[in-house]
>>> print(open('model.pdb').read())   # PDB, C-alpha atoms and all ligand atoms
ATOM      1  CA  MET A 274     -82.545  17.499-101.008  1.00  0.00           C
ATOM      2  CA  HIS A 275     -83.582  19.014 -97.763  1.00  0.00           C
ATOM      3  CA  LEU A 276     -84.113  15.613 -96.170  1.00  0.00           C
ATOM      4  CA  ARG A 277     -80.699  14.420 -97.255  1.00  0.00           C
ATOM      5  CA  TYR A 278     -79.187  17.505 -95.700  1.00  0.00           C
ATOM      6  CA  LEU A 279     -80.977  16.806 -92.437  1.00  0.00           C
ATOM      7  CA  ILE A 280     -79.785  13.209 -92.376  1.00  0.00           C
ATOM      8  CA  ARG A 281     -76.217  14.209 -93.014  1.00  0.00           C
ATOM      9  CA  ARG A 282     -76.492  16.814 -90.322  1.00  0.00           C
ATOM     10  CA  SER A 283     -77.836  14.360 -87.765  1.00  0.00           C
ATOM     11  CA  MET A 284     -75.048  11.936 -88.647  1.00  0.00           C
ATOM     12  CA  LEU A 285     -72.539  14.671 -87.986  1.00  0.00           C
ATOM     13  CA  VAL A 286     -74.093  15.393 -84.624  1.00  0.00           C
ATOM     14  CA  THR A 287     -74.065  11.688 -83.756  1.00  0.00           C
ATOM     15  CA  PHE A 288     -70.438  11.472 -84.742  1.00  0.00           C
ATOM     16  CA  ALA A 289     -69.571  14.513 -82.648  1.00  0.00           C
ATOM     17  CA  LEU A 290     -71.369  13.040 -79.648  1.00  0.00           C
ATOM     18  CA  ALA A 291     -69.625   9.700 -80.071  1.00  0.00           C
ATOM     19  CA  SER A 292     -66.265  11.447 -80.277  1.00  0.00           C
ATOM     20  CA  ALA A 293     -66.999  13.452 -77.171  1.00  0.00           C
ATOM     21  CA  LEU A 294     -67.910  10.262 -75.328  1.00  0.00           C
ATOM     22  CA  LEU A 295     -64.736   8.546 -76.472  1.00  0.00           C
ATOM     23  CA  ILE A 296     -62.645  11.472 -75.333  1.00  0.00           C
ATOM     24  CA  ALA A 297     -64.445  11.527 -71.999  1.00  0.00           C
ATOM     25  CA  CYS A 298     -63.778   7.812 -71.489  1.00  0.00           C
ATOM     26  CA  GLY A 299     -60.176   8.172 -72.599  1.00  0.00           C
ATOM     27  CA  SER A 300     -59.361  10.861 -70.078  1.00  0.00           C
ATOM     28  CA  ASP A 301     -60.813   8.561 -67.453  1.00  0.00           C
ATOM     29  CA  GLY A 302     -57.782   6.302 -67.972  1.00  0.00           C
ATOM     30  CA  ASP A 303     -55.926   4.331 -65.343  1.00  0.00           C
ATOM     31  CA  ASP A 304     -52.812   6.500 -65.034  1.00  0.00           C
ATOM     32  CA  GLU A 305     -51.170   9.521 -66.531  1.00  0.00           C
ATOM     33  CA  GLU A 306     -47.979   7.886 -67.741  1.00  0.00           C
ATOM     34  CA  ALA A 307     -46.886   8.679 -71.253  1.00  0.00           C
ATOM     35  CA  THR A 308     -48.238   6.068 -73.618  1.00  0.00           C
ATOM     36  CA  PRO A 309     -45.597   4.173 -75.557  1.00  0.00           C
ATOM     37  CA  THR A 310     -45.064   5.187 -79.133  1.00  0.00           C
ATOM     38  CA  GLY A 311     -46.833   2.650 -81.327  1.00  0.00           C
ATOM     39  CA  GLY A 312     -45.266   0.395 -83.911  1.00  0.00           C
ATOM     40  CA  GLY A 313     -41.842   0.403 -82.306  1.00  0.00           C
ATOM     41  CA  GLU A 314     -40.914   3.609 -84.101  1.00  0.00           C
ATOM     42  CA  LEU A 315     -39.275   6.212 -82.017  1.00  0.00           C
ATOM     43  CA  PRO A 316     -38.514   9.616 -83.471  1.00  0.00           C
ATOM     44  CA  VAL A 317     -35.929  11.664 -81.618  1.00  0.00           C
ATOM     45  CA  ILE A 318     -34.273  14.916 -82.545  1.00  0.00           C
ATOM     46  CA  ALA A 319     -30.954  16.410 -81.546  1.00  0.00           C
ATOM     47  CA  LYS A 320     -31.131  20.155 -81.356  1.00  0.00           C
ATOM     48  CA  ASP A 321     -28.199  22.151 -80.229  1.00  0.00           C
ATOM     49  CA  PHE A 322     -26.895  20.142 -77.305  1.00  0.00           C
ATOM     50  CA  GLU A 323     -30.159  18.536 -76.267  1.00  0.00           C
ATOM     51  CA  PHE A 324     -32.327  15.594 -77.164  1.00  0.00           C
ATOM     52  CA  VAL A 325     -35.978  16.271 -77.910  1.00  0.00           C
ATOM     53  CA  PRO A 326     -37.841  14.738 -76.203  1.00  0.00           C
ATOM     54  CA  VAL A 327     -35.549  14.187 -73.270  1.00  0.00           C
ATOM     55  CA  GLU A 328     -37.695  11.408 -71.775  1.00  0.00           C
ATOM     56  CA  GLN A 329     -39.217   8.750 -73.973  1.00  0.00           C
ATOM     57  CA  THR A 330     -41.223   5.596 -73.526  1.00  0.00           C
ATOM     58  CA  VAL A 331     -41.439   2.787 -76.026  1.00  0.00           C
ATOM     59  CA  GLU A 332     -42.837  -0.700 -76.122  1.00  0.00           C
ATOM     60  CA  ALA A 333     -40.138  -3.264 -75.442  1.00  0.00           C
ATOM     61  CA  GLY A 334     -39.103  -5.464 -78.339  1.00  0.00           C
ATOM     62  CA  GLU A 335     -38.027  -4.431 -81.810  1.00  0.00           C
ATOM     63  CA  VAL A 336     -37.492  -0.691 -81.812  1.00  0.00           C
ATOM     64  CA  SER A 337     -36.581   1.569 -84.662  1.00  0.00           C
ATOM     65  CA  ILE A 338     -35.057   4.818 -83.512  1.00  0.00           C
ATOM     66  CA  GLN A 339     -35.278   7.578 -86.104  1.00  0.00           C
ATOM     67  CA  PHE A 340     -32.593   9.970 -85.062  1.00  0.00           C
ATOM     68  CA  GLU A 341     -32.502  13.348 -86.748  1.00  0.00           C
ATOM     69  CA  ASN A 342     -29.868  15.961 -86.176  1.00  0.00           C
ATOM     70  CA  GLN A 343     -31.366  19.436 -86.429  1.00  0.00           C
ATOM     71  CA  GLY A 344     -28.445  21.046 -84.689  1.00  0.00           C
ATOM     72  CA  SER A 345     -25.294  22.485 -86.151  1.00  0.00           C
ATOM     73  CA  GLU A 346     -22.845  20.051 -84.561  1.00  0.00           C
ATOM     74  CA  ARG A 347     -22.240  16.359 -85.055  1.00  0.00           C
ATOM     75  CA  HIS A 348     -24.102  14.126 -82.560  1.00  0.00           C
ATOM     76  CA  THR A 349     -24.658  10.486 -81.697  1.00  0.00           C
ATOM     77  CA  TYR A 350     -27.571   8.687 -80.090  1.00  0.00           C
ATOM     78  CA  SER A 351     -25.958   6.198 -77.734  1.00  0.00           C
ATOM     79  CA  ILE A 352     -27.993   3.924 -75.472  1.00  0.00           C
ATOM     80  CA  TYR A 353     -26.597   2.588 -72.226  1.00  0.00           C
ATOM     81  CA  ARG A 354     -27.949   0.122 -69.735  1.00  0.00           C
ATOM     82  CA  ASP A 355     -26.737   2.075 -66.716  1.00  0.00           C
ATOM     83  CA  GLY A 356     -26.662   5.663 -65.532  1.00  0.00           C
ATOM     84  CA  GLU A 357     -22.862   5.576 -65.283  1.00  0.00           C
ATOM     85  CA  TYR A 358     -22.702   5.052 -69.032  1.00  0.00           C
ATOM     86  CA  GLU A 359     -20.473   2.004 -68.806  1.00  0.00           C
ATOM     87  CA  GLU A 360     -22.571  -0.645 -70.487  1.00  0.00           C
ATOM     88  CA  LEU A 361     -23.273   0.383 -74.075  1.00  0.00           C
ATOM     89  CA  VAL A 362     -26.331  -1.235 -75.636  1.00  0.00           C
ATOM     90  CA  ASP A 363     -26.124   0.329 -79.079  1.00  0.00           C
ATOM     91  CA  THR A 364     -25.195   3.583 -80.751  1.00  0.00           C
ATOM     92  CA  THR A 365     -25.469   5.441 -83.994  1.00  0.00           C
ATOM     93  CA  THR A 366     -22.363   6.682 -85.679  1.00  0.00           C
ATOM     94  CA  GLY A 367     -21.801  10.427 -85.536  1.00  0.00           C
ATOM     95  CA  VAL A 368     -24.594  12.121 -87.452  1.00  0.00           C
ATOM     96  CA  ASN A 369     -23.706  15.355 -89.175  1.00  0.00           C
ATOM     97  CA  ALA A 370     -25.837  18.497 -88.912  1.00  0.00           C
ATOM     98  CA  GLY A 371     -28.975  18.035 -90.963  1.00  0.00           C
ATOM     99  CA  GLY A 372     -28.428  14.287 -91.108  1.00  0.00           C
ATOM    100  CA  ARG A 373     -30.733  11.490 -90.169  1.00  0.00           C
ATOM    101  CA  VAL A 374     -30.133   7.873 -89.272  1.00  0.00           C
ATOM    102  CA  GLU A 375     -32.158   4.868 -88.234  1.00  0.00           C
ATOM    103  CA  LEU A 376     -31.038   2.588 -85.424  1.00  0.00           C
ATOM    104  CA  GLU A 377     -32.792  -0.744 -85.144  1.00  0.00           C
ATOM    105  CA  LEU A 378     -32.395  -2.808 -82.038  1.00  0.00           C
ATOM    106  CA  SER A 379     -34.212  -5.055 -79.636  1.00  0.00           C
ATOM    107  CA  LEU A 380     -34.864  -3.658 -76.174  1.00  0.00           C
ATOM    108  CA  SER A 381     -35.817  -5.717 -73.177  1.00  0.00           C
ATOM    109  CA  PRO A 382     -38.073  -3.959 -70.666  1.00  0.00           C
ATOM    110  CA  GLY A 383     -36.359  -1.504 -68.385  1.00  0.00           C
ATOM    111  CA  GLU A 384     -34.866   1.937 -68.181  1.00  0.00           C
ATOM    112  CA  TYR A 385     -32.086   3.016 -70.495  1.00  0.00           C
ATOM    113  CA  PHE A 386     -29.769   5.973 -70.405  1.00  0.00           C
ATOM    114  CA  VAL A 387     -29.052   7.889 -73.562  1.00  0.00           C
ATOM    115  CA  ARG A 388     -26.332  10.359 -74.304  1.00  0.00           C
ATOM    116  CA  CYS A 389     -24.429  11.864 -77.155  1.00  0.00           C
ATOM    117  CA  ASP A 390     -20.972  10.320 -76.992  1.00  0.00           C
ATOM    118  CA  LEU A 391     -19.495  13.469 -78.500  1.00  0.00           C
ATOM    119  CA  HIS A 392     -21.069  15.734 -75.857  1.00  0.00           C
ATOM    120  CA  PRO A 393     -21.528  13.230 -73.036  1.00  0.00           C
ATOM    121  CA  THR A 394     -22.121  15.613 -70.166  1.00  0.00           C
ATOM    122  CA  GLN A 395     -24.279  18.072 -72.091  1.00  0.00           C
ATOM    123  CA  MET A 396     -26.602  15.757 -73.938  1.00  0.00           C
ATOM    124  CA  GLN A 397     -28.407  13.136 -71.910  1.00  0.00           C
ATOM    125  CA  ALA A 398     -31.836  11.571 -72.044  1.00  0.00           C
ATOM    126  CA  THR A 399     -33.742   8.565 -70.754  1.00  0.00           C
ATOM    127  CA  LEU A 400     -35.616   5.869 -72.592  1.00  0.00           C
ATOM    128  CA  GLU A 401     -38.027   3.522 -70.898  1.00  0.00           C
ATOM    129  CA  ALA A 402     -38.961   0.257 -72.587  1.00  0.00           C
ATOM    130  CA  GLN A 403     -42.290  -0.984 -71.281  1.00  0.00           C
ATOM    131  CA  GLU A 404     -43.561  -4.514 -71.374  1.00  0.00           C
ATOM    132  CA  ALA A 405     -46.092  -4.913 -74.186  1.00  0.00           C
ATOM    133  CA  ALA A 406     -49.549  -4.330 -72.749  1.00  0.00           C
ATOM    134  CA  ASP A 407     -51.568  -7.107 -74.451  1.00  0.00           C
TER
HETATM  135 CU    CU B   1     -23.610  15.835 -79.409  1.00  0.00          CU
END
>>> encode(input="model.pdb", output="structure tokens")
Amino acid sequence: MHLRYLIRRSMLVTFALASALLIACGSDGDDEEATPTGGGELPVIAKDFEFVPVEQTVEAGEVSIQFENQGSERHTYSIYRDGEYEELVDTTTGVNAGGRVELELSLSPGEYFVRCDLHPTQMQATLEAQEAAD
């Protein structure tokens, strides 16, 4: 009994050390850019008149945007190719307060400009699609 306890304990210590090493290596990383959300899933929330988060990075390719409206007004998540909001890439319909919608699309690498088409000057965000790293 006592021996088993000791073994388990030493395994725990080993695990803790290994974790600490991993964390140490990880923070040693190449740059401090936000890592793309894995799996092409991108959660984004509309609160009252703002997108959270306001800057997002995702891996280019098939992207599934999970747009949730936690505000009290109706909002859209509309993606544009340019900062003048002239070239629409894709958009959700208006999502009512408390609603949630999924927008699936294919993004080529680059920077995109997001806004709510119902509150275009108040609600803006950016979305960067990064080339897959493999
Ligand atoms: Cu809005």
>>> closest_residue(input="model.pdb", among="A:Ser351, A:Gln397, A:Gln343, A:Asn369", to="Asp321 of chain A", atoms="all atoms listed in the file")
A:Gln343
>>> residues_near_point(input="model.pdb", point="(-36.0, -2.6, -81.6)", cutoff="8 Å", atoms="only C-alpha atoms", output="number ranges by chain")
A: 313, 333-338, 377-380
>>> residues_around(input="model.pdb", residues="Phe386 of chain A", least_positions_apart="6", cutoff="10 Å", atoms="only C-alpha atoms", output="list in words")
Glu328, Ser351, Ile352, Tyr353, Arg354, Asp355, Gly356, Glu357, Tyr358, Glu360, Leu361, Val362, Gln397, Ala398, Thr399, Leu400 and Glu401 of chain A
>>> closest_residue(input="model.pdb", among="A:Glu359, A:Glu375, A:Glu384, A:Glu346", to="ligand CU 1 (chain B)", atoms="all atoms listed in the file")
A:Glu346
>>> resolve_selection(input="model.pdb", expression="the PyMOL selection byres (((not hetatm)) within 8 of (chain B and resi 1))", output="PyMOL selection string")
chain A and resi 319+321-323+346-349+388-393+395-396
>>> atom_distance(input="model.pdb", atom1="atom CA of Thr365 of chain A", atom2="atom CA of Ser345 of chain A")
17.2 Å
>>> closest_residue(input="model.pdb", among="A:Val325, A:Gln339, A:Thr330, A:Glu404", to="Leu376 of chain A", atoms="all atoms listed in the file")
A:Gln339
>>> atom_distance(input="model.pdb", atom1="atom CA of Ile318 of chain A", atom2="atom CA of Gly383 of chain A")
21.8 Å
>>> atom_distance(input="model.pdb", atom1="atom CA of Val317 of chain A", atom2="atom CA of Gly371 of chain A")
13.3 Å
>>> closest_residue(input="model.pdb", among="A:Gly372, A:Ala402, A:Ser381, A:Thr366", to="Leu315 of chain A", atoms="only C-alpha atoms")
A:Ala402
>>> resolve_selection(input="model.pdb", expression="the PyMOL selection byres (((chain A and resi 373) around 6) and not hetatm)", output="PyMOL selection string")
chain A and resi 340-341+372+374
